[in-house]
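Contents: one structure, followed by commentary.
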There are 4 protein chains.
Amino acid sequence: MSDLRIAVLGVGMMGADHVARITSRIRGARVAVVNDYLPEKAAEVAAAVPGARVANDPFDAIAADDVDAVLLATPGPVHEKQLLACLEHRKPVLCEKPLTTEVETSLEVVRREAELETPLIQLGFMRRFDPEYQQLKALIDGGELGEPLVMHCVHRNPAVPPSFNSAMIVKDSLVHEVDVTRFLFGEEIASVQIIRPAANPAAPAGLQDPQIAIFQTASGRHIDVELFVTTGVAYEVRTEVVGELGSATIGLDVGLVRKSSPGVWGGRITPGFRERFGTAYDIELQRWVDAVQSGSTTGSYVAGPTAWDGYAAAAVCAAGVRALESGERVTVELAERVGA
Amino acid sequence: MSDLRIAVLGVGMMGADHVARITSRIRGARVAVVNDYLPEKAAEVAAAVPGARVANDPFDAIAADDVDAVLLATPGPVHEKQLLACLEHRKPVLCEKPLTTEVETSLEVVRREAELETPLIQLGFMRRFDPEYQQLKALIDGGELGEPLVMHCVHRNPAVPPSFNSAMIVKDSLVHEVDVTRFLFGEEIASVQIIRPAANPAAPAGLQDPQIAIFQTASGRHIDVELFVTTGVAYEVRTEVVGELGSATIGLDVGLVRKSSPGVWGGRITPGFRERFGTAYDIELQRWVDAVQSGSTTGSYVAGPTAWDGYAAAAVCAAGVRALESGERVTVELAERVGA
Amino acid sequence: MSDLRIAVLGVGMMGADHVARITSRIRGARVAVVNDYLPEKAAEVAAAVPGARVANDPFDAIAADDVDAVLLATPGPVHEKQLLACLEHRKPVLCEKPLTTEVETSLEVVRREAELETPLIQLGFMRRFDPEYQQLKALIDGGELGEPLVMHCVHRNPAVPPSFNSAMIVKDSLVHEVDVTRFLFGEEIASVQIIRPAANPAAPAGLQDPQIAIFQTASGRHIDVELFVTTGVAYEVRTEVVGELGSATIGLDVGLVRKSSPGVWGGRITPGFRERFGTAYDIELQRWVDAVQSGSTTGSYVAGPTAWDGYAAAAVCAAGVRALESGERVTVELAERVGA
Amino acid sequence: MSDLRIAVLGVGMMGADHVARITSRIRGARVAVVNDYLPEKAAEVAAAVPGARVANDPFDAIAADDVDAVLLATPGPVHEKQLLACLEHRKPVLCEKPLTTEVETSLEVVRREAELETPLIQLGFMRRFDPEYQQLKALIDGGELGEPLVMHCVHRNPAVPPSFNSAMIVKDSLVHEVDVTRFLFGEEIASVQIIRPAANPAAPAGLQDPQIAIFQTASGRHIDVELFVTTGVAYEVRTEVVGELGSATIGLDVGLVRKSSPGVWGGRITPGFRERFGTAYDIELQRWVDAVQSGSTTGSYVAGPTAWDGYAAAAVCAAGVRALESGERVTVELAERVGA
């Protein structure tokens, strides 16, 4: 199957990250077209991707024959028109949040898509794909917490850019917890309240930070969210679901931790080597492939342990087997080092 | 750049895992040839990989023109000849441990490779690529633990196959700690002692389990390893390095935990959203690419949050901004559901 | 100095606990008088305490010449009169919460005490004496969290008696977080809001459980409290203070855990053997004193390791010193066992 | 019952700690006699204890009529004669480790005690009374870990006095793990091996630190102990027991942590308020008793929350009950502050 040819519109921080991701880690796709409202930025990014070209106009990029799908990382205000163009040209599109910047235009996009035979728009709420959120959802859906009743969320950033304002804490930060709530509980949010505590003295003047958001869902569940974007500490995203049969927390930097009957707390031990070292295998193999691919020019076909490492391990293990049999300390004898 | 064409020799559990990995997650490579001493197994695996063919003879596979590199997942006793064939044909090879099953043949392979201009053999000690081991090594190399003095390792499996014997605990399990010691401390192991405690009553008769291995390195560092392969619990691999300035442990299921002056224990908070959600972004994008790739046949171009999810989030956030301004609870009004 | 003679009024669960505590663990005091509205209950408790007598009337007990101080563990509705009697007789009184059951009568008690020269009433908010709350307060007062901004509390019970109602969750459970807020932040609470989520299906019909309480302090700090008294899990009391320079949590069953710049989480290692084993020394000595005290009747003067244990340790350590010198394994030879 | 009259022999750091402990926290005993080989040290300590006198000769103290029992905190070399004197005078004695400094004299003391009708000597292995070791022993004895197979211990001090030598690491530090092994496993240690890794560069010249001790018990169980007394970090004493059905660790600064089938790790949530706040109640009551006892001279009869604190809590809770009923935010109105 040939690679999916993607047009990336907008290559600021997030778009540029996606270009790098597609180019180095995603199988079955390549960046075919790059567009940005700063043409020199688009050119710079495209230059680093073999086979990518620059498009000066986003709508040309969407319509182009050499584009199978679109990744939208442009500023929110231009999303509406670009999404409608994607629908018009029947191009699947992965759209970074927000869908659009206004409720009415968002609904209009939903309606226009619904008129087509097939959904084409996927929103960039990436937390749904995070392994910890997946675990938490599995716990809820499997009934292990009983009926979910309450959720406590914490969303902390060490700092925000000078242009960040109080409403952006709602629209750019809280929006993730909006989706997490809808994802985990599978129902709509019925009301919102925002509490404005005395502000952090270290926050920029005029910024209402921290804020406390309170949701009630259609069925009456309570969610509270601490939003605090000038902590000076680190990036902390924590979610605790409290259910009829116990509670579970993710985002403590220690995996999912449960509290459940009869009065125990804890987590799951990684069940096997695939789960424990799966990422290591992936990295090992990718590094090796990359080294071999570039080997004809660099002369290096190895990006990890060498044959000598294999020999040394064999020598120690052979001594180990003798030590196992004798019960005594066995000296390891190694040949003189050869090779790399 | 065209994909690296890999011959996978041996498609038992480990080899089959690698085939799946290359096919679904590794960029820039594809499985071109599959070989196994059970031809029907090779045929079954190859059938699931577009463009892959079966080779009946491993040496034919190594020599083939449509093979750029070799992944060796065959049983240890055939490694020597297959590695030498790879060297002869100048094919880069990623070889699952062991290099060979005898110390002498391992050394012979090292010497034959050293006669070539370029190293071609990489050993499958994948722990070197594990993020936690990487962190631990960075801590040591950065001098943050001072001089490393002692290392405690635990290697536990819930169970082993009936054919597993006492020497295999050394050769198949301990071998990983052999490489970890050499990797982390950058020196050779000078002696080995194996202590044989009273055996686990739940272990198969005759199996010396647990075992305690003790290494001394060339410079006099002490390493002890608990090997216990019939715990009935889970897969636990734990490593604690004790240095002049503090200690650090990985494998506690909670990331790297340090104990350091002045008397504090703890870990690092994920510094930013890229580190916290990088894997989520990768999964999100790969799922979307896969859905779009298969969309023309399945009709589904979306593998995640839909436009409606974007609209609903916009509606809640708009209510949130009004709630921020008013300080009051604001009801969220949603349009009637349309679309997916 | 002679022991303080205490009258304990009310010997239900809490009062009986206090009688046991004074009799077995508190130095410098003894229970002199026991009173309860159930005379047989008072008699039963008094019978188990050497030198204690029953008083049939609580006011007689308060006034008695052989009573130096009063411990009030009676039901809340009788507190007012009993406290006023204590003030009248100038008897120091430790009063279990609540002070009185009505705001007006509470204020009246405060005013009557203020007319005396000396405060005599201490309230039983025991969390102020808990080592973890003390640590948390020291952290705040020492400025290590900067300005405290937000506090999240969780108060969970596995179950409550059938008579428990929704208002009691406020008056009996939330009251502790009221005091914790005032204690940690040193200011008054200016407003209260109680959110009523959909109730736990496992809770008794009509009980509003869980509840979410929200405080705002005089200076604008935000406190939220999850009150959930039918969790079925265990007793969980958790407090997280979020400040300008970081956050700290107690009640995670792992001591105080901090998150602070530059992006680390963790706790404090016990600094020395006094802190690590101080409780062990206390218990050791108390057990020994108790054994010796009762020895003339029981014949046992030992409640711990014996001389043989000392001998065996000496024999192993002597072998250890030889093993240190020789580097070899040394067999321990023990004499034939004699004595206890 | 009158207080047990204790002679404390030796009031260096440990003896002085015990005097303070008996005087302030142990019920049913008092320090009657103080002896030290430095008479002025004895005088200084005795002066701070009401009713205590100095004895110039330890044997006079042991024999004295006003002494019911002896606490031995003298240097090890004088233990033998002092213990024999205690036996001669039939005085129960709590003896800090070691029993005596030589194996032969230890055995002689054991034999002399065995000739009496009643054991009189208790050794100061206080870890047996530590709540975490108690939990661990209960877990083993209850069969929850199955057959115990292996134990890993860590014994770390931040620093030792200049006079500390390599053998003292065995006799003063390792001796605790000797007793822990015998206590937890209920059997004798059959052999000892001490491994001498390359020394910590930060340790005093000539000190063999760290050391690794290896015990084998009579039934073949394996115990290893890292002894490291110049870590510069903190006091760390950690014990992991690995059994047939799982493992459990204490001393991680987070309570007892278990790993058990089916692949979970974790600890126990404090089951109720007595366990969670028992220490707080003890401290609260002792502080109150102390304040009342000293009140006639200091004028202060209160050492904790005041009546005003009780009133303020009542006012907030009353507002809380109204808030529960209305669902609205309720302002708290407090009277003008009176009293303490």
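Identifiers in the structure tokens: chain A, B, ... in order shown; residue index from 1 per chain; ligand index from 1 in order shown.
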Could you give me, as JSON lines, a per-residue list for chain C showing, wherever an atom lies at most 10 Å from an atom of chain A, the closest pair of atoms and their distance in Å to one decimal, using only C-alpha atoms and sorting by chain then residue number from low to high?
{"residue": "C:Gly146", "atom": "CA", "partner": "A:Pro201", "partner_atom": "CA", "distance": 9.4}
{"residue": "C:Glu147", "atom": "CA", "partner": "A:Asn200", "partner_atom": "CA", "distance": 7.7}
{"residue": "C:Pro148", "atom": "CA", "partner": "A:Asn200", "partner_atom": "CA", "distance": 8.7}
{"residue": "C:Leu149", "atom": "CA", "partner": "A:Asn200", "partner_atom": "CA", "distance": 6.8}
{"residue": "C:Val150", "atom": "CA", "partner": "A:Pro197", "partner_atom": "CA", "distance": 7.7}
{"residue": "C:Met151", "atom": "CA", "partner": "A:Glu226", "partner_atom": "CA", "distance": 10.0}
{"residue": "C:His152", "atom": "CA", "partner": "A:Glu226", "partner_atom": "CA", "distance": 9.2}
{"residue": "C:Pro158", "atom": "CA", "partner": "A:Gly263", "partner_atom": "CA", "distance": 8.8}
{"residue": "C:Ile195", "atom": "CA", "partner": "A:His222", "partner_atom": "CA", "distance": 8.1}
{"residue": "C:Arg196", "atom": "CA", "partner": "A:His222", "partner_atom": "CA", "distance": 8.1}
{"residue": "C:Pro197", "atom": "CA", "partner": "A:Arg221", "partner_atom": "CA", "distance": 5.3}
{"residue": "C:Ala198", "atom": "CA", "partner": "A:Gly220", "partner_atom": "CA", "distance": 4.7}
{"residue": "C:Ala199", "atom": "CA", "partner": "A:Leu149", "partner_atom": "CA", "distance": 7.4}
{"residue": "C:Asn200", "atom": "CA", "partner": "A:Glu244", "partner_atom": "CA", "distance": 6.0}
{"residue": "C:Pro201", "atom": "CA", "partner": "A:Glu244", "partner_atom": "CA", "distance": 7.3}
{"residue": "C:Ala202", "atom": "CA", "partner": "A:Glu244", "partner_atom": "CA", "distance": 6.9}
{"residue": "C:Ala203", "atom": "CA", "partner": "A:Glu244", "partner_atom": "CA", "distance": 9.0}
{"residue": "C:Asp209", "atom": "CA", "partner": "A:Leu149", "partner_atom": "CA", "distance": 9.7}
{"residue": "C:Pro210", "atom": "CA", "partner": "A:Leu149", "partner_atom": "CA", "distance": 7.9}
{"residue": "C:Gln211", "atom": "CA", "partner": "A:His222", "partner_atom": "CA", "distance": 9.2}
{"residue": "C:Ile212", "atom": "CA", "partner": "A:His222", "partner_atom": "CA", "distance": 8.3}
{"residue": "C:Ile214", "atom": "CA", "partner": "A:Ile195", "partner_atom": "CA", "distance": 9.6}
{"residue": "C:Gln216", "atom": "CA", "partner": "A:Pro197", "partner_atom": "CA", "distance": 7.6}
{"residue": "C:Thr217", "atom": "CA", "partner": "A:Pro197", "partner_atom": "CA", "distance": 9.2}
{"residue": "C:Ala218", "atom": "CA", "partner": "A:Ala198", "partner_atom": "CA", "distance": 9.9}
{"residue": "C:Ser219", "atom": "CA", "partner": "A:Ala198", "partner_atom": "CA", "distance": 7.0}
{"residue": "C:Gly220", "atom": "CA", "partner": "A:Ala198", "partner_atom": "CA", "distance": 4.6}
{"residue": "C:Arg221", "atom": "CA", "partner": "A:Pro197", "partner_atom": "CA", "distance": 5.3}
{"residue": "C:His222", "atom": "CA", "partner": "A:Pro197", "partner_atom": "CA", "distance": 5.4}
{"residue": "C:Ile223", "atom": "CA", "partner": "A:Pro197", "partner_atom": "CA", "distance": 9.1}
{"residue": "C:Asp224", "atom": "CA", "partner": "A:Asp224", "partner_atom": "CA", "distance": 8.9}
{"residue": "C:Glu226", "atom": "CA", "partner": "A:Val150", "partner_atom": "CA", "distance": 8.7}
{"residue": "C:Phe228", "atom": "CA", "partner": "A:Val242", "partner_atom": "CA", "distance": 9.5}
{"residue": "C:Thr230", "atom": "CA", "partner": "A:Glu244", "partner_atom": "CA", "distance": 8.4}
{"residue": "C:Thr231", "atom": "CA", "partner": "A:Glu244", "partner_atom": "CA", "distance": 6.4}
{"residue": "C:Gly232", "atom": "CA", "partner": "A:Ser261", "partner_atom": "CA", "distance": 6.4}
{"residue": "C:Val233", "atom": "CA", "partner": "A:Ser261", "partner_atom": "CA", "distance": 4.4}
{"residue": "C:Ala234", "atom": "CA", "partner": "A:Gly263", "partner_atom": "CA", "distance": 4.8}
{"residue": "C:Tyr235", "atom": "CA", "partner": "A:Gly263", "partner_atom": "CA", "distance": 8.0}
{"residue": "C:Glu236", "atom": "CA", "partner": "A:Gly263", "partner_atom": "CA", "distance": 9.4}
{"residue": "C:Val242", "atom": "CA", "partner": "A:Thr231", "partner_atom": "CA", "distance": 9.0}
{"residue": "C:Gly243", "atom": "CA", "partner": "A:Thr231", "partner_atom": "CA", "distance": 8.0}
{"residue": "C:Glu244", "atom": "CA", "partner": "A:Asn200", "partner_atom": "CA", "distance": 6.1}
{"residue": "C:Leu245", "atom": "CA", "partner": "A:Thr231", "partner_atom": "CA", "distance": 6.6}
{"residue": "C:Gly246", "atom": "CA", "partner": "A:Val233", "partner_atom": "CA", "distance": 6.3}
{"residue": "C:Ser247", "atom": "CA", "partner": "A:Val233", "partner_atom": "CA", "distance": 9.0}
{"residue": "C:Leu252", "atom": "CA", "partner": "A:Trp265", "partner_atom": "CA", "distance": 9.2}
{"residue": "C:Asp253", "atom": "CA", "partner": "A:Trp265", "partner_atom": "CA", "distance": 8.6}
{"residue": "C:Lys259", "atom": "CA", "partner": "A:Val233", "partner_atom": "CA", "distance": 7.3}
{"residue": "C:Ser260", "atom": "CA", "partner": "A:Val233", "partner_atom": "CA", "distance": 5.4}
{"residue": "C:Ser261", "atom": "CA", "partner": "A:Val233", "partner_atom": "CA", "distance": 4.4}
{"residue": "C:Pro262", "atom": "CA", "partner": "A:Val233", "partner_atom": "CA", "distance": 5.6}
{"residue": "C:Gly263", "atom": "CA", "partner": "A:Ala234", "partner_atom": "CA", "distance": 4.8}
{"residue": "C:Val264", "atom": "CA", "partner": "A:Val233", "partner_atom": "CA", "distance": 7.9}
{"residue": "C:Trp265", "atom": "CA", "partner": "A:Asp253", "partner_atom": "CA", "distance": 8.6}
Those residues you just picked out, can you put them in a file as an mmCIF file, in the first residue's frame with C-alpha atoms?
data_model
loop_
_atom_site.group_PDB
_atom_site.id
_atom_site.type_symbol
_atom_site.label_atom_id
_atom_site.label_comp_id
_atom_site.auth_asym_id
_atom_site.auth_seq_id
_atom_site.Cartn_x
_atom_site.Cartn_y
_atom_site.Cartn_z
ATOM 1 C CA GLY C 146 4.751 30.424 49.017
ATOM 2 C CA GLU C 147 1.324 31.967 49.395
ATOM 3 C CA PRO C 148 -1.247 29.148 49.855
ATOM 4 C CA LEU C 149 -3.932 29.527 47.201
ATOM 5 C CA VAL C 150 -6.157 26.486 47.010
ATOM 6 C CA MET C 151 -6.838 23.425 49.169
ATOM 7 C CA HIS C 152 -8.443 20.166 48.073
ATOM 8 C CA PRO C 158 -16.531 3.200 54.423
ATOM 9 C CA ILE C 195 -23.026 20.802 45.813
ATOM 10 C CA ARG C 196 -25.339 17.781 45.740
ATOM 11 C CA PRO C 197 -24.245 15.332 43.029
ATOM 12 C CA ALA C 198 -26.335 12.339 42.013
ATOM 13 C CA ALA C 199 -26.249 10.095 45.061
ATOM 14 C CA ASN C 200 -24.318 6.876 45.505
ATOM 15 C CA PRO C 201 -26.770 4.062 44.643
ATOM 16 C CA ALA C 202 -25.310 2.108 47.549
ATOM 17 C CA ALA C 203 -26.128 4.847 50.067
ATOM 18 C CA ASP C 209 -23.945 11.293 49.689
ATOM 19 C CA PRO C 210 -21.468 12.302 48.285
ATOM 20 C CA GLN C 211 -21.525 16.040 48.910
ATOM 21 C CA ILE C 212 -19.024 18.631 47.699
ATOM 22 C CA ILE C 214 -16.761 24.750 48.824
ATOM 23 C CA GLN C 216 -14.009 30.761 50.428
ATOM 24 C CA THR C 217 -11.853 32.320 53.121
ATOM 25 C CA ALA C 218 -11.809 35.980 54.101
ATOM 26 C CA SER C 219 -8.792 36.615 51.863
ATOM 27 C CA GLY C 220 -10.332 34.730 48.925
ATOM 28 C CA ARG C 221 -8.673 31.337 49.141
ATOM 29 C CA HIS C 222 -10.622 28.404 47.702
ATOM 30 C CA ILE C 223 -11.141 25.120 49.532
ATOM 31 C CA ASP C 224 -13.118 22.185 48.188
ATOM 32 C CA GLU C 226 -15.379 15.799 48.893
ATOM 33 C CA PHE C 228 -18.384 10.659 50.904
ATOM 34 C CA THR C 230 -20.580 5.282 52.184
ATOM 35 C CA THR C 231 -17.573 4.354 50.035
ATOM 36 C CA GLY C 232 -17.311 0.780 51.259
ATOM 37 C CA VAL C 233 -13.517 1.090 51.002
ATOM 38 C CA ALA C 234 -11.747 2.544 54.043
ATOM 39 C CA TYR C 235 -11.163 5.691 56.052
ATOM 40 C CA GLU C 236 -9.521 8.238 53.778
ATOM 41 C CA VAL C 242 -1.566 24.273 46.440
ATOM 42 C CA GLY C 243 0.624 27.320 46.861
ATOM 43 C CA GLU C 244 2.504 29.850 44.836
ATOM 44 C CA LEU C 245 5.697 27.742 44.944
ATOM 45 C CA GLY C 246 4.367 24.183 44.825
ATOM 46 C CA SER C 247 1.906 21.792 46.364
ATOM 47 C CA LEU C 252 -1.997 9.339 50.715
ATOM 48 C CA ASP C 253 -0.866 6.576 53.125
ATOM 49 C CA LYS C 259 5.523 18.710 44.184
ATOM 50 C CA SER C 260 7.852 21.640 43.824
ATOM 51 C CA SER C 261 10.188 23.405 41.484
ATOM 52 C CA PRO C 262 12.077 22.360 39.421
ATOM 53 C CA GLY C 263 9.563 19.679 38.597
ATOM 54 C CA VAL C 264 10.153 17.033 41.218
ATOM 55 C CA TRP C 265 7.784 15.083 43.462
#
Among region 109-161 of chain B, which residues does DSSP mark as alpha helix (DSSP H) when it is run on the backbone? Keep the chain and numbering as in the structure and answer as a PyMOL selection string.
chain B and resi 109-115+131-141
Using the selection just defined, write its residues with C-alpha atoms as a PDB file, in the first residue's frame.
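Dumped everything to again_16.pdb:
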ATOM      1  CA  VAL B 109      32.265 -14.402  15.399  1.00  0.00           C
ATOM      2  CA  VAL B 110      33.721 -11.272  17.004  1.00  0.00           C
ATOM      3  CA  ARG B 111      37.071 -11.923  15.320  1.00  0.00           C
ATOM      4  CA  ARG B 112      35.564 -12.603  11.906  1.00  0.00           C
ATOM      5  CA  GLU B 113      33.576  -9.385  12.094  1.00  0.00           C
ATOM      6  CA  ALA B 114      36.694  -7.463  13.189  1.00  0.00           C
ATOM      7  CA  GLU B 115      38.404  -8.550  10.000  1.00  0.00           C
ATOM      8  CA  PRO B 131      13.533   4.906  28.794  1.00  0.00           C
ATOM      9  CA  GLU B 132      14.053   4.059  32.491  1.00  0.00           C
ATOM     10  CA  TYR B 133      17.472   2.476  31.938  1.00  0.00           C
ATOM     11  CA  GLN B 134      18.348   5.464  29.777  1.00  0.00           C
ATOM     12  CA  GLN B 135      17.403   7.798  32.624  1.00  0.00           C
ATOM     13  CA  LEU B 136      19.418   5.762  35.098  1.00  0.00           C
ATOM     14  CA  LYS B 137      22.457   5.788  32.849  1.00  0.00           C
ATOM     15  CA  ALA B 138      22.135   9.530  32.321  1.00  0.00           C
ATOM     16  CA  LEU B 139      22.043  10.005  36.092  1.00  0.00           C
ATOM     17  CA  ILE B 140      25.204   7.957  36.541  1.00  0.00           C
ATOM     18  CA  ASP B 141      27.053   9.491  33.606  1.00  0.00           C
TER      19      ASP B 141
END
Taking the backbone alone, and naming residues the way the document does, which bits of region 174-256 of chain A are strand (DSSP E or B) by DSSP, as a count of residues only?
34
Find the spatial neighbours of Val103 (chain C), counting only C-alpha atoms, within a cut-off of 7 Å - ignore same-chain residues fewer than 5 positions away - and output them as a PyMOL selection string.
chain D and resi 311+314-315
Write the selection just made, keeping C-alpha atoms, as an mmCIF file, in the first residue's frame?
data_model
loop_
_atom_site.group_PDB
_atom_site.id
_atom_site.type_symbol
_atom_site.label_atom_id
_atom_site.label_comp_id
_atom_site.auth_asym_id
_atom_site.auth_seq_id
_atom_site.Cartn_x
_atom_site.Cartn_y
_atom_site.Cartn_z
ATOM 1 C CA TYR D 311 -17.833 28.596 68.005
ATOM 2 C CA ALA D 314 -20.352 25.820 64.654
ATOM 3 C CA ALA D 315 -21.060 28.987 62.688
#
